[in-house]
Structure formats: C-alpha cells, structure tokens
Amino acid sequence: MLARIWSASLIGIDAVKVGVEVDIAGGLPGIVVVGLPDIAVQESKERVKAALKNAGYAFPMRRIVINLTPADLRKEGPSFDLPVSIGILAASEQVNAQLLEDYLFLGEVSLDGGLRSVAGVLAIAAAAQRLGIKGLVVPADNAREAAVVKGLAVYGFKHVSEVADFLNEPERYEPLQVDGLAELTRSHFCGLDLKDVKGQAHARRALEIAAAGGHNLIFVGPPGSGKTMLARRLPGILPPLSFSEALEVTQIHSVAGLLKDRGSLVSDRPFRSPHHSASGPSLVGGGSFPRPGEISLAHRGVLFLDELTEFKRDVLEFLRQPLEDGYVTISRTRQSVSFPAQFTLVASTNPCPCGYFGDTIQPCTCKPKAREQYWARLSGPLMDRIDLQVAVNRLKPEEITQQPIGEDSVSVRKRVQVARDRARTRFQNDTPRCNSDMQSSHLRQWCLLDNATRTLLEGAIRKLGLSARATDRILKVARTIADLAGDENLQTHHVAEAVQYRTIDRMQ
C-alpha cells in the first residue's frame, strides 16, 4: 500500500515543502530511502524501525521504499524521522490516513518512540502558513516556537504513539495557542547598566549615538580603560525588538538550533562576541549545508569584536559586504543561500602592539614601524564602514575611586527611542530603518548643508584624507546627533561633532 505525508526541508532560513512517500510491497524485507537523503536521513530507517517496535506497533516485514520529493533537493537532518514513522504506519493501515494531506510533520524519533526537538521549526512553520497548510505536528519541545505563527494549528507531542492517536481521534486534541506579543513583554534590559561605568563621558556619548542611529563603532585605548565594559552595555540602550524583528531573529536562531530553553521568541537584542581566532565561515556562515554565522546571529543586535586587530585580516574582509548590504550570500555548487545580517558592529582594540601608545602614564615601547604594521591589519575600506571611531583614555585616579554617577541605561534608552522614532517618522514607508541605512538620495534630502558647514566638512576631508564613503557616514552620524537634539536641520556643531569621531582613521 502507498501513503504520502508532508514534511519540509530548510534552505537557509527558508523552507521547502517535502513529500514523504512510503510504499510497502512484496519482496525481501528491507528499507530503501531515495530522493537525495544525507547520512542522517539514511540512518532514520534504523531509528524508525526500533522506535515503532518499542512503541508496540507491528513493523511490516516486507520491502519498504521511501521516496523524498522533490528528488533533486538535498534532504538533511533527523527531522524526517517522524513523517517516515507515520508514513509506515499509514501504509500498513495502523493509523487513519485521512488527515495526512492537511498537516506537516517534523521531529526526530528516539529508539523508544519519544520525540526530540529539531532545528528550524519556526522557519518551517512560517513557510507552512504561507503555503496554506492547515496544521503542524512537531515534538512538544518545539510546539511553543511554532505556535507563534498565526493562522496555523500547532500540535506538540512527546511520543510517536500520541501522534498516531491524534490521527485516529483528532477531536480529542486542541492546538497550542501562544500569544507572541505577550512573549515580548518580558524585560528587554540585559542587566548590564551604563550607570556602572565611571567617567568616559565622551565614550558614553558615542555609545548613545551608535544606538540612536544604528552606527558601527570602534573603541581604541590602552588595556583596562573600559572598552569592553562600554561595548557590552550597548544592548541595554537599544530600543526593544518589535514583533516582526523578534520573528526574524528567532527564525535565524531556530535554524541554528539555538532556541533551547529560550521560549517561543527571542525577546532581547542579540549580542554576539566571537573570539579573535574565529574563521571566516564561522563569522559569515557556511558549511556543506549553509548555516548562519555570527553576523547573522547578531541580526537586529550587536556584533562585538574584541581585540579587532588580533583577527586575521582576510576574516575581517568578509565583513565588508554584509556591513554595506545588510545580508550575506553563501554560494555552493547546488544552491545559493542568503542570510540577513543587519547588525551594529562594535569593536575594540589597543592603539599599538604594547597597548600604551598615547597613554599619559605608561610609556609606549613600540617602534613606529611596528605601530604602522599593527594598524595595517585593518584595511581602509573596513575602517570607512565604521562610523564612530572613539579614543578611550585611561581613567584618572579620582575617577577610579569615586562612585559611579553616570546616567542609567533606562534613561539613555528613552532618548534613543525618541531619536529613532523621529527618524522613522521622517522615512515613513521608505526602506531605511535608521539613519545608518540612508542612501545617497536620503542624504541629499535630509542632510542639507549651509555654506559654513560645507566649508567645515571640506576642510575635514582634506586634513583627514577621507573617502566619499567616510564623508557620507559623517553626514549620517550628524543626522543622528541632530535627531538626539531634536533639531530638524543639520547645523555646524552637529557636523563638527560627527567629524571628531573620524580622527583615528589613520592612527599609527
């Protein structure tokens, strides 16, 4: 007898509907899986056989052919265990097959018949809803994640026998209901507060501008000056995720298999901090079956690269295209996959190999050639894409001993939210989400300069040797400074402040 059941396969963060056809016919007992299965899918036949027997079902001692369609799409992972199991039960007439056309099945099956969670369920649920699938049957641990998608009936089960009972008597079960908006009412504050930072008023100001405009930022200073402490407090002053942004972030983390014990939605801005030994594929994503890397996991959040100059130069060059376009494309022989990567880059580094160039207390022991080689690890095009370049000086003794008296993150975040709302109102239905996303047409419309301001900017371009890209980024930062001040038009002091954040462009 022939049975067909629906499942899905991931391509990047998108999903494709996959048919699982099971045919039981005469011949020597055995199971054959066709349709470009990977090793994990091939092994499913052994897991399924043991699971069905241990769950009390009769396993057909006949020839079983399992076809995964479309045949030219590579299938991977253990998520086909459940549809294969149900397909065999339906083909052997041990469960009712009437509901198989309306539902999509996912899940890994253990040897005792229990269902284990799989990755990418939210992406598959979103695709199922678009395709008009009535419902989704998943392991219980994945149910809340999938139920965030509206218009889709989601059923979560812990054992394959429960799925069989559902198919035989569906009226006994109710789909899981999850209020996605309620999930976002949890605290959006990461716990690291700006009020813990002593001194560093200049760096705190740069952090606020970065949050308000989505600008990339680098801190340069000696060891112990507070660079990492400042960077880790950026998520606490960013506006909370909207529901659509939370869905995007959760979908990426779901595909990467990082949603365990995190509930149904990622409600806080991501903060990713890869080690400087990270490879290019780990940063941008990759693999035989492409998976998101650190820059995509930082989507709508912060990517923090501590000790930036310790990263390999070729690895850092991978960042150039995502920083400009907001996504990364990974090409393989059989397919090309794009992952979103709209993140705020925050980096920190020492000013020289010994770390004390320009320090007022500790003398620098580096030769000029060593400093030049040190900064040569960062290419000009990469530095052009970093809007705010801030020198962080060592704290004075009286600043170290005093109690922190700076503003807390909640107060700063309120100003950031007001500035972002002002920018959003200005852009209306246009593509930019914040000032850092503005294109040339937006700069011509929203960053008009008077004669005095134009003269100031031209002088800065000559003195600092700025490129056209760096100049555009100065205007974007100036626009954010104006938004924080509540000013509709750019003024000379806005541009002057933005220019000072480019003064370490060619630091050696």
# chains A, B, ... in the order shown; residues from 1 in each chain; ligands from 1
call {"tool": "residues_around", "arguments": {"residues": "region 431-448 of chain A", "least_positions_apart": "3", "cutoff": "7 Å", "atoms": "only C-alpha atoms", "output": "PyMOL selection string"}}
result
chain A and resi 213-215+420+423-424+427+475-476+479-480+490
call {"tool": "select_by_dssp", "arguments": {"residues": "region 180-348 of chain A", "states": "alpha helix (DSSP H)", "output": "PyMOL selection string"}}
result
chain A and resi 180-183+201-213+227-231+243-255+280-284+294-297+313-317+320-325
call {"tool": "residues_around", "arguments": {"residues": "Val346 (chain A)", "least_positions_apart": "5", "cutoff": "7 Å", "atoms": "only C-alpha atoms", "output": "PyMOL selection string"}}
result
chain A and resi 216-218+231+302-305
call {"tool": "closest_residue", "arguments": {"among": "A:Gly465, A:Gly156, A:Gly77, A:Pro223", "to": "Leu136 (chain A)", "atoms": "only C-alpha atoms"}}
result
A:Gly156
call {"tool": "residues_around", "arguments": {"residues": "Leu395 (chain A)", "least_positions_apart": "2", "cutoff": "9 Å", "atoms": "only C-alpha atoms", "output": "VMD selection string"}}
result
chain A and resid 198 to 200 224 to 226 392 to 393 397 to 400
call {"tool": "closest_atom_pairs", "arguments": {"of": "region 357-430 of chain A", "to": "region 233-256 of chain A", "cutoff": "9 Å", "atoms": "only C-alpha atoms", "output": "JSON lines"}}
result
{"residue": "A:Ser409", "atom": "CA", "partner": "A:Ile237", "partner_atom": "CA", "distance": 5.5}
{"residue": "A:Val410", "atom": "CA", "partner": "A:Ile237", "partner_atom": "CA", "distance": 6.8}
{"residue": "A:Ser411", "atom": "CA", "partner": "A:Ile237", "partner_atom": "CA", "distance": 8.4}
{"residue": "A:Val412", "atom": "CA", "partner": "A:Ile237", "partner_atom": "CA", "distance": 6.1}
{"residue": "A:Arg413", "atom": "CA", "partner": "A:Ile237", "partner_atom": "CA", "distance": 4.3}
{"residue": "A:Lys414", "atom": "CA", "partner": "A:Ile237", "partner_atom": "CA", "distance": 8.1}
{"residue": "A:Val416", "atom": "CA", "partner": "A:Leu238", "partner_atom": "CA", "distance": 7.0}
{"residue": "A:Gln417", "atom": "CA", "partner": "A:Pro239", "partner_atom": "CA", "distance": 5.7}
{"residue": "A:Arg420", "atom": "CA", "partner": "A:Pro239", "partner_atom": "CA", "distance": 8.4}
call {"tool": "select_by_dssp", "arguments": {"residues": "region 261-434 of chain A", "states": "strand (DSSP E)", "output": "count of residues only"}}
result
30
call {"tool": "residues_around", "arguments": {"residues": "Leu106 (chain A)", "least_positions_apart": "3", "cutoff": "12 Å", "atoms": "only C-alpha atoms", "output": "PyMOL selection string"}}
result
chain A and resi 5-10+17-20+77-86+103+109+115-122+124-125+128+135-143+146+154-157+160+163
call {"tool": "closest_residue", "arguments": {"among": "A:Ala460, A:Leu152, A:Ile504, A:Ile386", "to": "Val477 (chain A)", "atoms": "only C-alpha atoms"}}
result
A:Ile386
call {"tool": "closest_residue", "arguments": {"among": "A:Ala90, A:Ala419, A:Ala452, A:Ala468", "to": "Glu488 (chain A)", "atoms": "only C-alpha atoms"}}
result
A:Ala419
call {"tool": "residues_around", "arguments": {"residues": "Glu294 (chain A)", "least_positions_apart": "3", "cutoff": "7 Å", "atoms": "only C-alpha atoms", "output": "PyMOL selection string"}}
result
chain A and resi 272+282-284+297-298
call {"tool": "write_last_selection", "arguments": {"atoms": "N, CA and C atoms", "output": "PDB file, in the first residue's frame"}}
result
ATOM      1  N   ARG A 272      26.495  39.104  20.112  1.00  0.00           N
ATOM      2  CA  ARG A 272      27.420  38.039  19.759  1.00  0.00           C
ATOM      3  C   ARG A 272      28.849  38.557  19.877  1.00  0.00           C
ATOM      4  N   SER A 282      32.842  30.660  10.152  1.00  0.00           N
ATOM      5  CA  SER A 282      32.132  30.778  11.427  1.00  0.00           C
ATOM      6  C   SER A 282      31.572  32.185  11.607  1.00  0.00           C
ATOM      7  N   LEU A 283      32.193  33.158  10.964  1.00  0.00           N
ATOM      8  CA  LEU A 283      31.743  34.540  11.097  1.00  0.00           C
ATOM      9  C   LEU A 283      30.577  34.831  10.160  1.00  0.00           C
ATOM     10  N   VAL A 284      30.683  34.448   8.901  1.00  0.00           N
ATOM     11  CA  VAL A 284      29.647  34.787   7.925  1.00  0.00           C
ATOM     12  C   VAL A 284      28.678  33.652   7.665  1.00  0.00           C
ATOM     13  N   LEU A 297      23.589  35.689  13.290  1.00  0.00           N
ATOM     14  CA  LEU A 297      23.060  35.505  14.647  1.00  0.00           C
ATOM     15  C   LEU A 297      22.988  36.838  15.395  1.00  0.00           C
ATOM     16  N   ALA A 298      23.764  37.835  14.927  1.00  0.00           N
ATOM     17  CA  ALA A 298      23.715  39.181  15.517  1.00  0.00           C
ATOM     18  C   ALA A 298      22.689  40.074  14.823  1.00  0.00           C
TER      19      ALA A 298
END
call {"tool": "atom_distance", "arguments": {"atom1": "CA of Gln342 (chain A)", "atom2": "CA of Ile330 (chain A)"}}
result
15.9 Å
call {"tool": "residues_around", "arguments": {"residues": "Gly27 (chain A)", "least_positions_apart": "6", "cutoff": "12 Å", "atoms": "only C-alpha atoms", "output": "ChimeraX atom specification"}}
result
/A:60-65
call {"tool": "atom_distance", "arguments": {"atom1": "CA of Ile474 (chain A)", "atom2": "CA of Ala376 (chain A)"}}
result
22.6 Å
